[in-house]
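**Q** Input file: entry-v5.txt. Contents: compact mmCIF, C-alpha atoms and all ligand atoms.
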```
# COMPACT_ATOMS: atom_id res chain seq x y z
CA MET B 1 0.00 0.00 0.00
CA SER B 2 1.30 3.50 -0.79
CA GLN B 3 2.00 5.88 2.08
CA THR B 4 1.33 9.59 2.38
CA PHE B 5 0.86 12.64 4.64
CA LYS B 6 -1.95 15.03 5.58
CA GLY B 7 -2.75 17.93 3.23
CA GLY B 8 -1.24 18.50 -0.21
CA VAL B 9 -2.74 18.74 -3.69
CA HIS B 10 -2.97 16.73 -6.91
CA PRO B 11 -1.97 19.03 -9.77
CA ASP B 12 -1.89 17.72 -13.35
CA ASP B 13 1.62 16.26 -13.36
CA SER B 14 2.29 16.62 -17.13
CA LYS B 15 5.08 14.07 -16.76
CA SER B 16 4.03 12.18 -19.89
CA LEU B 17 5.88 14.82 -21.94
CA THR B 18 9.21 13.27 -20.90
CA ASN B 19 8.77 10.17 -18.72
CA GLN B 20 9.19 7.86 -21.74
CA LYS B 21 12.26 9.73 -22.97
CA PRO B 22 15.64 8.15 -22.14
CA ILE B 23 18.32 10.43 -20.77
CA GLU B 24 20.35 11.92 -23.62
CA GLN B 25 23.82 13.41 -23.30
CA LEU B 26 23.85 17.07 -24.25
CA PRO B 27 27.06 17.78 -26.21
CA PRO B 28 29.40 19.82 -23.98
CA PRO B 29 29.15 23.54 -24.81
CA GLU B 30 31.76 25.90 -26.21
CA LEU B 31 31.86 27.81 -22.90
CA VAL B 32 30.88 26.78 -19.38
CA ILE B 33 30.03 29.43 -16.78
CA LEU B 34 30.65 28.28 -13.21
CA PRO B 35 29.27 30.66 -10.54
CA MET B 36 31.10 30.67 -7.22
CA SER B 37 27.84 29.99 -5.42
CA MET B 38 25.89 26.95 -6.55
CA HIS B 39 25.11 25.63 -3.10
CA ILE B 40 23.75 26.62 0.28
CA GLY B 41 26.61 28.22 2.22
CA ALA B 42 29.56 30.50 1.64
CA PRO B 43 30.65 31.26 -1.95
CA CYS B 44 33.89 29.71 -3.22
CA GLN B 45 37.15 31.42 -4.02
CA PRO B 46 38.73 30.89 -7.49
CA MET B 47 42.02 28.93 -7.50
CA VAL B 48 42.82 29.58 -11.18
CA ALA B 49 43.67 32.65 -13.26
CA VAL B 50 42.60 33.83 -16.71
CA GLY B 51 44.67 31.99 -19.33
CA ASP B 52 45.22 28.86 -17.22
CA HIS B 53 44.71 25.48 -18.81
CA VAL B 54 42.34 23.32 -16.76
CA CYS B 55 41.43 19.65 -16.93
CA LEU B 56 38.00 18.06 -16.58
CA GLY B 57 37.37 17.39 -12.89
CA GLN B 58 40.12 19.73 -11.66
CA MET B 59 39.20 21.74 -8.57
CA ILE B 60 39.08 25.38 -9.71
CA ALA B 61 37.44 27.07 -6.72
CA GLN B 62 37.83 26.21 -3.08
CA ALA B 63 35.33 26.32 -0.26
CA GLN B 64 35.90 29.23 2.12
CA ALA B 65 33.86 27.90 5.03
CA PRO B 66 32.75 24.52 6.41
CA VAL B 67 29.28 24.98 4.90
CA SER B 68 30.26 25.30 1.25
CA ALA B 69 31.27 23.01 -1.62
CA PRO B 70 34.27 23.34 -3.97
CA ILE B 71 33.76 23.72 -7.71
CA HIS B 72 35.44 21.70 -10.46
CA ALA B 73 36.04 22.24 -14.16
CA THR B 74 33.26 20.56 -16.12
CA VAL B 75 35.21 20.60 -19.42
CA SER B 76 38.91 20.77 -20.19
CA GLY B 77 40.16 23.97 -21.78
CA THR B 78 41.27 27.52 -20.99
CA VAL B 79 40.01 29.92 -18.35
CA LYS B 80 38.66 32.82 -20.43
CA ALA B 81 37.29 35.10 -17.73
CA ILE B 82 36.71 35.43 -14.01
CA GLY B 83 34.14 38.01 -12.98
CA PRO B 84 30.46 38.82 -12.53
CA LYS B 85 28.03 36.88 -14.72
CA GLU B 86 24.26 36.55 -14.78
CA HIS B 87 22.96 33.98 -12.28
CA SER B 88 19.52 32.39 -12.13
CA SER B 89 18.82 34.20 -8.84
CA GLY B 90 18.79 37.46 -10.82
CA VAL B 91 22.00 38.84 -9.30
CA MET B 92 25.43 39.08 -10.90
CA MET B 93 27.67 36.39 -9.44
CA ASN B 94 31.45 36.01 -9.56
CA SER B 95 31.99 33.17 -12.05
CA ILE B 96 34.76 31.29 -13.84
CA VAL B 97 34.27 30.94 -17.61
CA ILE B 98 36.10 28.08 -19.34
CA GLU B 99 36.50 27.76 -23.10
CA ASN B 100 36.12 24.10 -24.02
CA ASP B 101 38.98 22.48 -25.97
CA TYR B 102 36.72 19.44 -26.59
CA GLN B 103 39.48 17.09 -25.42
CA ASP B 104 37.84 16.12 -22.09
CA GLU B 105 41.36 15.74 -20.70
CA ILE B 106 40.75 14.32 -17.23
CA ASP B 107 42.66 15.74 -14.26
CA PRO B 108 45.59 13.37 -13.53
CA SER B 109 44.67 13.21 -9.83
CA ILE B 110 41.36 11.49 -10.65
CA ALA B 111 41.20 7.75 -10.03
CA PRO B 112 38.76 5.30 -8.42
CA ILE B 113 38.75 5.55 -4.62
CA ASP B 114 39.00 2.31 -2.64
CA HIS B 115 37.03 3.01 0.53
CA SER B 116 37.25 -0.50 1.99
CA ASN B 117 39.71 0.59 4.70
CA MET B 118 38.56 4.20 5.03
CA SER B 119 36.99 5.69 8.14
CA ALA B 120 33.67 7.52 7.91
CA GLU B 121 35.53 10.83 8.31
CA GLU B 122 37.88 10.02 5.42
CA MET B 123 34.94 9.09 3.17
CA ILE B 124 33.12 12.30 4.09
CA GLN B 125 36.27 14.26 3.27
CA CYS B 126 36.30 12.65 -0.21
CA ILE B 127 32.66 13.72 -0.71
CA ARG B 128 33.50 17.24 0.46
CA ASN B 129 36.46 17.48 -1.93
CA ALA B 130 34.23 16.31 -4.77
CA GLY B 131 31.85 19.24 -4.25
CA ILE B 132 28.80 17.01 -4.00
CA VAL B 133 25.62 18.82 -2.96
CA GLY B 134 22.00 17.68 -2.82
CA HIS B 135 20.72 17.10 -6.37
CA GLY B 136 17.06 17.64 -5.48
CA GLY B 137 17.17 21.42 -5.89
CA ALA B 138 18.22 22.86 -2.52
CA ALA B 139 21.95 22.12 -3.14
CA PHE B 140 22.84 21.63 0.53
CA PRO B 141 26.44 20.32 0.86
CA THR B 142 26.24 16.53 1.27
CA HIS B 143 29.31 16.27 3.54
CA ILE B 144 27.59 18.49 6.12
CA LYS B 145 24.44 16.40 6.01
CA LEU B 146 26.47 13.22 6.50
CA SER B 147 28.72 14.50 9.28
CA SER B 148 25.81 16.00 11.22
CA ALA B 149 23.86 12.71 10.94
CA ILE B 150 26.54 10.40 12.39
CA GLY B 151 25.35 9.00 15.71
CA LYS B 152 22.06 10.91 15.53
CA VAL B 153 19.97 9.07 12.97
CA ASP B 154 18.80 5.48 12.63
CA THR B 155 17.25 5.64 9.15
CA VAL B 156 18.45 6.81 5.74
CA ILE B 157 15.70 8.00 3.42
CA ILE B 158 16.26 8.21 -0.31
CA ASN B 159 14.04 10.83 -1.85
CA ALA B 160 12.87 9.63 -5.24
CA ALA B 161 9.34 10.98 -4.88
CA GLU B 162 9.84 13.61 -7.62
CA CYS B 163 6.44 15.11 -6.85
CA GLU B 164 6.83 18.36 -8.83
CA PRO B 165 4.83 18.33 -12.08
CA TYR B 166 6.81 17.97 -15.35
CA LEU B 167 10.05 16.77 -13.73
CA THR B 168 11.12 13.25 -14.72
CA SER B 169 14.92 13.24 -14.30
CA ASP B 170 14.78 11.08 -11.15
CA HIS B 171 12.21 8.80 -12.81
CA ARG B 172 14.57 8.15 -15.70
CA LEU B 173 17.53 7.67 -13.35
CA LEU B 174 15.57 5.07 -11.34
CA LEU B 175 14.62 3.30 -14.55
CA GLN B 176 17.98 3.43 -16.32
CA TYR B 177 20.56 3.39 -13.50
CA PRO B 178 19.04 1.77 -10.39
CA GLY B 179 22.37 0.05 -9.64
CA GLU B 180 24.17 3.38 -9.21
CA ILE B 181 21.55 4.50 -6.68
CA ILE B 182 21.68 1.23 -4.70
CA GLU B 183 25.49 1.25 -4.60
CA GLY B 184 25.43 4.90 -3.45
CA ILE B 185 22.98 4.00 -0.68
CA LYS B 186 25.31 1.22 0.51
CA ILE B 187 28.12 3.79 0.81
CA ILE B 188 25.87 6.21 2.74
CA LEU B 189 24.87 3.38 5.11
CA LYS B 190 28.53 2.48 5.62
CA ILE B 191 29.46 6.09 6.45
CA LEU B 192 26.60 6.43 8.93
CA GLY B 193 27.08 2.93 10.39
CA LEU B 194 23.43 2.06 9.73
CA LYS B 195 21.48 -0.90 8.37
CA LYS B 196 18.25 0.72 7.29
CA ALA B 197 17.47 2.75 4.17
CA LEU B 198 14.04 3.43 2.71
CA ILE B 199 13.67 4.48 -0.94
CA GLY B 200 10.51 6.56 -1.33
CA VAL B 201 9.10 6.52 -4.87
CA GLU B 202 5.66 7.80 -5.92
CA ILE B 203 3.52 5.09 -7.51
CA ASN B 204 3.31 7.05 -10.76
CA LYS B 205 6.83 5.64 -11.31
CA GLU B 206 5.74 2.04 -10.77
CA ASN B 207 7.58 0.88 -13.90
CA THR B 208 10.84 1.48 -11.99
CA PHE B 209 9.96 -0.95 -9.19
CA PRO B 210 11.07 -4.26 -10.81
CA GLY B 211 14.52 -2.88 -11.68
CA ILE B 212 15.04 -1.54 -8.16
CA GLU B 213 13.66 -4.63 -6.42
CA ALA B 214 15.98 -6.91 -8.39
CA LEU B 215 18.98 -5.11 -6.88
CA LEU B 216 17.87 -4.80 -3.24
CA PRO B 217 20.15 -6.63 -0.78
CA SER B 218 18.63 -9.84 0.59
CA ASP B 219 19.23 -8.74 4.22
CA GLY B 220 16.41 -6.18 3.95
CA SER B 221 18.71 -3.26 4.75
CA ILE B 222 17.40 -1.27 1.76
CA GLN B 223 13.65 -1.23 1.13
CA LEU B 224 11.56 0.19 -1.66
CA CYS B 225 8.55 2.13 -0.31
CA PRO B 226 5.77 3.14 -2.74
CA LEU B 227 4.29 6.54 -1.98
CA ALA B 228 0.96 8.05 -2.99
CA THR B 229 1.20 10.52 -5.85
CA LYS B 230 0.62 13.86 -4.21
CA TYR B 231 2.37 17.21 -4.03
CA PRO B 232 4.59 17.94 -1.95
CA GLN B 233 5.30 14.28 -1.21
CA GLY B 234 9.03 14.89 -1.76
CA ALA B 235 9.34 17.69 0.82
CA GLU B 236 11.61 16.33 3.54
CA LYS B 237 9.21 16.62 6.45
CA GLN B 238 6.30 15.12 4.49
CA LEU B 239 8.50 12.30 3.18
CA ILE B 240 9.68 11.41 6.69
CA LYS B 241 6.10 11.45 7.98
CA SER B 242 4.92 9.24 5.11
CA LEU B 243 7.70 6.68 5.45
CA THR B 244 8.28 6.51 9.20
CA GLY B 245 5.27 8.16 10.82
CA ARG B 246 7.68 10.51 12.62
CA GLU B 247 7.17 14.27 12.88
CA VAL B 248 10.10 16.66 12.48
CA PRO B 249 9.52 19.10 15.38
CA SER B 250 8.85 22.75 14.54
CA GLY B 251 12.09 24.57 13.74
CA LYS B 252 14.11 21.33 13.76
CA LEU B 253 15.86 19.21 11.14
CA PRO B 254 15.25 15.66 9.83
CA ALA B 255 18.08 14.42 12.11
CA ASP B 256 15.90 15.44 15.08
CA ALA B 257 13.45 12.81 13.87
CA GLY B 258 16.26 10.25 13.46
CA CYS B 259 16.38 10.51 9.67
CA ALA B 260 18.88 11.66 7.04
CA VAL B 261 17.34 12.36 3.61
CA PHE B 262 19.29 12.18 0.34
CA ASN B 263 18.06 12.62 -3.22
CA ALA B 264 18.37 9.52 -5.44
CA ASP B 265 20.76 11.26 -7.86
CA THR B 266 22.91 12.41 -4.92
CA ALA B 267 23.32 8.75 -3.93
CA ALA B 268 24.26 7.93 -7.54
CA SER B 269 26.83 10.77 -7.53
CA ILE B 270 28.41 9.37 -4.36
CA HIS B 271 28.71 5.97 -6.03
CA ARG B 272 30.27 7.53 -9.16
CA LEU B 273 32.76 9.43 -7.03
CA PHE B 274 34.12 6.29 -5.39
CA SER B 275 33.93 4.10 -8.52
CA THR B 276 35.55 6.62 -10.89
CA GLY B 277 37.02 9.42 -8.77
CA MET B 278 35.00 12.02 -10.70
CA PRO B 279 33.72 15.00 -8.69
CA MET B 280 30.31 16.58 -9.31
CA TYR B 281 30.54 17.84 -12.89
CA ARG B 282 27.24 16.82 -14.54
CA ARG B 283 23.60 16.42 -13.68
CA ILE B 284 20.32 15.35 -15.22
CA VAL B 285 17.87 18.08 -16.21
CA THR B 286 14.30 17.69 -17.47
CA VAL B 287 13.70 20.25 -20.22
CA SER B 288 9.94 20.51 -20.70
CA GLY B 289 6.82 22.63 -20.56
CA PRO B 290 4.04 23.40 -23.05
CA ALA B 291 6.19 25.88 -24.98
CA MET B 292 9.19 23.54 -25.45
CA ALA B 293 9.26 22.07 -28.96
CA ASN B 294 10.74 18.69 -28.08
CA PRO B 295 10.90 18.05 -24.33
CA LYS B 296 13.74 15.78 -23.16
CA ASN B 297 15.74 14.52 -20.20
CA LEU B 298 19.33 15.61 -20.66
CA GLU B 299 22.59 14.81 -18.93
CA VAL B 300 24.30 18.17 -18.89
CA ARG B 301 27.69 19.55 -17.87
CA ILE B 302 27.21 21.93 -14.94
CA GLY B 303 27.81 25.48 -16.17
CA THR B 304 26.18 24.91 -19.59
CA PRO B 305 24.16 27.99 -20.61
CA ILE B 306 20.47 27.10 -20.69
CA LYS B 307 20.16 28.41 -24.26
CA ASN B 308 22.13 25.28 -25.31
CA LEU B 309 19.51 23.04 -23.66
CA ILE B 310 16.68 24.95 -25.33
CA GLU B 311 18.33 24.78 -28.74
CA TYR B 312 18.97 21.01 -28.37
CA CYS B 313 15.25 20.57 -27.61
CA GLY B 314 14.26 22.34 -30.82
CA GLY B 315 13.56 25.77 -29.32
CA PHE B 316 10.10 27.06 -28.44
CA THR B 317 6.77 26.39 -30.13
CA GLU B 318 5.80 29.99 -29.37
CA PRO B 319 7.51 32.81 -27.47
CA PRO B 320 7.47 31.79 -23.80
CA THR B 321 5.87 34.06 -21.23
CA LYS B 322 7.67 32.30 -18.41
CA LEU B 323 10.91 30.32 -18.07
CA LEU B 324 11.41 28.40 -14.86
CA MET B 325 14.46 26.70 -13.38
CA GLY B 326 13.03 23.80 -11.35
CA GLY B 327 9.42 22.67 -11.15
CA PRO B 328 6.30 24.80 -11.58
CA MET B 329 5.48 24.79 -7.85
CA MET B 330 8.83 25.72 -6.32
CA GLY B 331 10.96 26.67 -9.33
CA MET B 332 12.54 30.04 -9.87
CA ALA B 333 11.56 32.35 -12.75
CA ILE B 334 14.56 33.25 -14.90
CA TYR B 335 14.85 36.18 -17.24
CA SER B 336 17.81 35.28 -19.43
CA ASP B 337 18.78 32.19 -21.43
CA GLU B 338 22.45 33.00 -20.80
CA VAL B 339 22.34 31.77 -17.19
CA PRO B 340 24.05 28.42 -16.60
CA VAL B 341 22.83 25.09 -15.28
CA LEU B 342 23.77 24.91 -11.60
CA LYS B 343 24.47 21.93 -9.34
CA GLY B 344 20.87 22.06 -8.09
CA THR B 345 19.13 22.52 -11.46
CA ASN B 346 16.73 19.61 -11.95
CA GLY B 347 14.39 21.18 -14.51
CA LEU B 348 14.01 23.88 -17.13
CA LEU B 349 10.41 24.63 -18.07
CA ALA B 350 8.92 26.97 -20.66
CA PHE B 351 5.33 28.22 -20.51
CA ALA B 352 3.43 30.35 -22.98
CA GLU B 353 0.26 30.86 -20.98
CA LYS B 354 -1.87 33.86 -21.45
CA GLN B 355 -1.55 36.14 -18.47
CA PRO B 356 -3.56 34.74 -15.55
CA LEU B 357 -6.92 36.41 -15.12
CA HIS B 358 -6.25 39.66 -13.36
CA ILE B 359 -8.46 39.93 -10.32
CA LYS B 360 -8.72 43.52 -9.23
CA ASP B 361 -8.26 43.84 -5.49
CA PRO B 362 -8.31 40.08 -4.77
CA ARG B 363 -9.99 39.16 -1.50
CA CYS B 364 -10.15 36.04 0.58
CA ILE B 365 -13.56 34.40 0.21
CA ARG B 366 -12.92 32.29 3.35
CA CYS B 367 -13.28 29.02 1.49
CA GLY B 368 -10.70 27.32 3.73
CA ARG B 369 -8.99 25.46 0.89
CA CYS B 370 -5.53 26.80 1.74
CA VAL B 371 -5.96 25.59 5.34
CA GLU B 372 -7.16 22.13 4.30
CA SER B 373 -4.30 21.70 1.82
CA CYS B 374 -1.32 23.13 3.71
CA PRO B 375 0.98 20.15 4.37
CA MET B 376 2.39 21.94 7.42
CA GLN B 377 -1.07 22.47 8.93
CA LEU B 378 -0.64 26.25 8.90
CA VAL B 379 -3.36 28.84 8.28
CA PRO B 380 -1.94 30.54 5.18
CA THR B 381 -4.73 33.09 4.87
CA TYR B 382 -4.15 34.44 8.39
CA ILE B 383 -0.39 34.67 7.89
CA TYR B 384 -0.94 36.50 4.62
CA GLN B 385 -3.51 38.91 5.98
CA SER B 386 -1.46 39.80 9.05
CA VAL B 387 1.77 40.41 7.12
CA MET B 388 -0.11 42.51 4.56
CA ALA B 389 -1.59 44.54 7.42
CA GLY B 390 1.92 45.00 8.86
CA ASN B 391 0.87 43.27 12.06
CA MET B 392 3.97 41.15 12.67
CA ASP B 393 3.16 40.38 16.30
CA GLU B 394 -0.03 38.68 15.22
CA CYS B 395 1.66 37.14 12.18
CA LYS B 396 4.24 35.38 14.37
CA THR B 397 1.51 33.62 16.34
CA TYR B 398 0.64 31.68 13.15
CA ASN B 399 4.16 30.17 12.91
CA PRO B 400 5.12 31.29 9.39
CA LEU B 401 8.68 30.02 9.92
CA ASP B 402 7.28 26.48 9.65
CA CYS B 403 6.22 27.20 6.05
CA ILE B 404 8.21 25.07 3.58
CA GLU B 405 7.29 27.41 0.69
CA CYS B 406 5.76 24.55 -1.27
CA GLY B 407 3.35 26.83 -3.13
CA VAL B 408 0.29 24.67 -2.42
CA CYS B 409 -1.74 27.51 -0.89
CA SER B 410 -1.20 29.84 -3.85
CA TYR B 411 -1.99 27.00 -6.24
CA ILE B 412 -5.29 26.11 -4.54
CA CYS B 413 -6.57 29.63 -3.74
CA PRO B 414 -9.60 30.47 -5.95
CA ALA B 415 -9.13 34.18 -5.24
CA LYS B 416 -5.59 33.99 -6.72
CA LEU B 417 -4.05 35.56 -3.65
CA PRO B 418 -0.22 35.39 -3.76
CA LEU B 419 -0.16 33.58 -0.43
CA THR B 420 3.26 31.89 -0.69
CA GLN B 421 4.88 35.14 -1.76
CA GLY B 422 3.32 36.96 1.21
CA ILE B 423 4.39 34.23 3.62
CA ARG B 424 7.93 34.35 2.24
CA VAL B 425 7.96 38.07 3.02
CA ALA B 426 6.72 37.35 6.55
CA LYS B 427 9.53 34.83 7.07
CA GLN B 428 12.15 37.27 5.81
CA LYS B 429 10.86 40.00 8.13
CA ILE B 430 10.89 37.72 11.17
CA LEU B 431 14.37 36.34 10.39
CA ALA B 432 15.72 39.88 9.85
CA ALA B 433 14.25 40.99 13.18
CA ASN B 434 15.73 37.91 14.90
CA ARG B 435 19.19 38.72 13.47
CA LYS B 436 19.00 42.23 14.96
S1 LIG P 501 1.73 28.05 4.01
FE1 LIG P 501 3.70 27.36 3.26
S2 LIG P 501 3.73 25.17 3.69
FE2 LIG P 501 1.58 25.84 3.80
S3 LIG P 501 0.77 25.51 1.74
FE3 LIG P 501 1.48 27.63 1.81
S4 LIG P 501 3.57 27.51 1.00
FE4 LIG P 501 3.01 25.40 1.58
S1 LIG P 502 -7.78 29.56 -0.33
FE1 LIG P 502 -7.72 31.76 -0.74
S2 LIG P 502 -9.85 32.38 -0.67
FE2 LIG P 502 -9.77 30.37 0.31
S3 LIG P 502 -9.47 30.80 2.52
FE3 LIG P 502 -7.43 30.58 1.63
S4 LIG P 502 -6.83 32.67 1.08
FE4 LIG P 502 -9.05 32.68 1.39
```
Would you write the structure of this file as structure tokens?
Ligand code: SF4
Ligand code: SF4

**A**
Amino acid sequence: MSQTFKGGVHPDDSKSLTNQKPIEQLPPPELVILPMSMHIGAPCQPMVAVGDHVCLGQMIAQAQAPVSAPIHATVSGTVKAIGPKEHSSGVMMNSIVIENDYQDEIDPSIAPIDHSNMSAEEMIQCIRNAGIVGHGGAAFPTHIKLSSAIGKVDTVIINAAECEPYLTSDHRLLLQYPGEIIEGIKIILKILGLKKALIGVEINKENTFPGIEALLPSDGSIQLCPLATKYPQGAEKQLIKSLTGREVPSGKLPADAGCAVFNADTAASIHRLFSTGMPMYRRIVTVSGPAMANPKNLEVRIGTPIKNLIEYCGGFTEPPTKLLMGGPMMGMAIYSDEVPVLKGTNGLLAFAEKQPLHIKDPRCIRCGRCVESCPMQLVPTYIYQSVMAGNMDECKTYNPLDCIECGVCSYICPAKLPLTQGIRVAKQKILAANRK
């Protein structure tokens, strides 16, 4: 039986545009643009200079703080520029630009890593040096997640829910490379000294189950757990609740509920690191949406400008009104096709909708749908109204900091109130006041 959580919504998932399409390798681009911040944490510092020759997989920017992740060359070639470049967040970001020599000359230091006699700390150091961050979108450094979980958690959860509409990169990975995921999970279990991992997959990806089940260890240490198809099933707190019945306490982390959650592609990346020595230099991106001529799942070098992905997919069927990096519920609107694919980019979507019906002076009609659907059991309409009224004392009593910004309330609201946006503002105001 499939498991789930309270609240959530069932948007049209539109996954049929790409879920039958095998992952294709996008030819490496002429130039890669590698921003110094592609992760949660401190930006990196360049270690190369303009004119330097670099090899594929060579570390070119080092982490400046424990919560950070180094950056590696994703092609071999020549450093053409170091300076501000457009970033998907809308700001200019210090970036290293490499001109591809199309040789894919691999850094001589790269070789398979035998971890059989390594300690957990040594293995985590390898993962840190490889710049691996969560592949699910948030891009949290994986070495921090691992080191903070040691001794605190009893269960590893592999997030393969992929609940955002349109996105199918994890689906294709589960179907085409289940062995890489399973081997990566075994390494995570070894590092954490655990014997229990649960792979959570929504049942709309049922065709992946036989391939995964065939590779599960006979000792039951890794289990496949079908999940109901519902958004946001893949949000960490909802996933933990669905799979273990445990609640992550307000303001706390998954480790406080005894769980460490890793995306399926992150597990695969960990396996590839130890089996080949290669750091994080590629990722799978679903390129889709109603305005994309030929939607695909692409394996892409990190730093590839998104215009290359769009061109490879045949361009647009009509001029898009909206380009999103990520899924339609939590993705970020981007305003330039020059911005590069980042470590956390799991989707690129193009929409050509007519402008949504403009409702003059939208008002809450007190239908209660946002309250029924909020997966965090918040009262979105009250948070929104109080922040709009500038009444932050009242706003705080509704616990806006527990909001996971899933977008469900805005999606479900018949009055088209920008609830998530308002709640995000409330969170920023409260966090700014707390910092003071
Ligand atoms: S209040 Fe936050 S957690 Fe609740 S539905 Fe809205 S965006 Fe999601
Ligand atoms: S869904 Fe919209 S209209 Fe309904 S109660 Fe919430 S804010 Fe009001």

**Q** Got a sec to check which residues sit within 9 Å of (-3.8, 15.1, 1.4), counting only C-alpha atoms, and write them as a PyMOL selection string?

**A** chain B and resi 4-10+230-231+372-375

**Q** If we count only C-alpha atoms, what is near range 176-190 of chain B at a cut-off of 6 Å, once residues fewer than 6 positions away on the same chain are taken out, given as a count of residues only?

**A** 5

**Q** Around all listed atoms of ligand LIG 502 (chain P), padded 5 Å per side, what centre and edge lengths does the axis-aligned box have in Å to one decimal, as AutoDock Vina command-line options?

**A**
```
--center_x -8.3 --center_y 31.1 --center_z 0.9 --size_x 13.0 --size_y 13.1 --size_z 13.3
```

**Q** Using only C-alpha atoms, list the residues that have an atom at most 9 Å from (7.5, 20.3, -27.0), coordinates as in the file, as a list in words.

**A** Leu17, Ser288, Gly289, Pro290, Ala291, Met292, Ala293, Asn294, Pro295, Lys296, Cys313, Gly314, Gly315, Phe316 and Thr317 of chain B

**Q** Grab the residues selected above and save them as an mmCIF file, in the coordinates of the input with C-alpha atoms.

**A**
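So part-v7.cif came out as:
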```cif
data_model
loop_
_atom_site.group_PDB
_atom_site.id
_atom_site.type_symbol
_atom_site.label_atom_id
_atom_site.label_comp_id
_atom_site.auth_asym_id
_atom_site.auth_seq_id
_atom_site.Cartn_x
_atom_site.Cartn_y
_atom_site.Cartn_z
ATOM 1 C CA LEU B 17 5.880 14.820 -21.940
ATOM 2 C CA SER B 288 9.940 20.510 -20.700
ATOM 3 C CA GLY B 289 6.820 22.630 -20.560
ATOM 4 C CA PRO B 290 4.040 23.400 -23.050
ATOM 5 C CA ALA B 291 6.190 25.880 -24.980
ATOM 6 C CA MET B 292 9.190 23.540 -25.450
ATOM 7 C CA ALA B 293 9.260 22.070 -28.960
ATOM 8 C CA ASN B 294 10.740 18.690 -28.080
ATOM 9 C CA PRO B 295 10.900 18.050 -24.330
ATOM 10 C CA LYS B 296 13.740 15.780 -23.160
ATOM 11 C CA CYS B 313 15.250 20.570 -27.610
ATOM 12 C CA GLY B 314 14.260 22.340 -30.820
ATOM 13 C CA GLY B 315 13.560 25.770 -29.320
ATOM 14 C CA PHE B 316 10.100 27.060 -28.440
ATOM 15 C CA THR B 317 6.770 26.390 -30.130
#
```

**Q** Please identify the residues whose atoms come within 8 Å of ligand LIG 501 (chain P), using only C-alpha atoms and all ligand atoms, and report them as a short mmCIF file (atom, residue, chain, number, x, y, z; two decimals) with C-alpha atoms, in the frame of the given file.

**A**
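Listing of selection.cif after writing:
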```
data_model
loop_
_atom_site.label_atom_id
_atom_site.label_comp_id
_atom_site.auth_asym_id
_atom_site.auth_seq_id
_atom_site.Cartn_x
_atom_site.Cartn_y
_atom_site.Cartn_z
CA GLY B 8 -1.24 18.50 -0.21
CA CYS B 370 -5.53 26.80 1.74
CA VAL B 371 -5.96 25.59 5.34
CA SER B 373 -4.30 21.70 1.82
CA CYS B 374 -1.32 23.13 3.71
CA PRO B 375 0.98 20.15 4.37
CA MET B 376 2.39 21.94 7.42
CA GLN B 377 -1.07 22.47 8.93
CA LEU B 378 -0.64 26.25 8.90
CA VAL B 379 -3.36 28.84 8.28
CA PRO B 380 -1.94 30.54 5.18
CA ILE B 383 -0.39 34.67 7.89
CA PRO B 400 5.12 31.29 9.39
CA ASP B 402 7.28 26.48 9.65
CA CYS B 403 6.22 27.20 6.05
CA ILE B 404 8.21 25.07 3.58
CA GLU B 405 7.29 27.41 0.69
CA CYS B 406 5.76 24.55 -1.27
CA GLY B 407 3.35 26.83 -3.13
CA VAL B 408 0.29 24.67 -2.42
CA CYS B 409 -1.74 27.51 -0.89
CA SER B 410 -1.20 29.84 -3.85
CA LEU B 419 -0.16 33.58 -0.43
CA THR B 420 3.26 31.89 -0.69
CA ILE B 423 4.39 34.23 3.62
#
```

**Q** Using only C-alpha atoms, find the one residue out of B:Gly331, B:Gly422, B:Pro414, B:Pro35 that sits nearest to Gly347 in chain B.

**A** B:Gly331
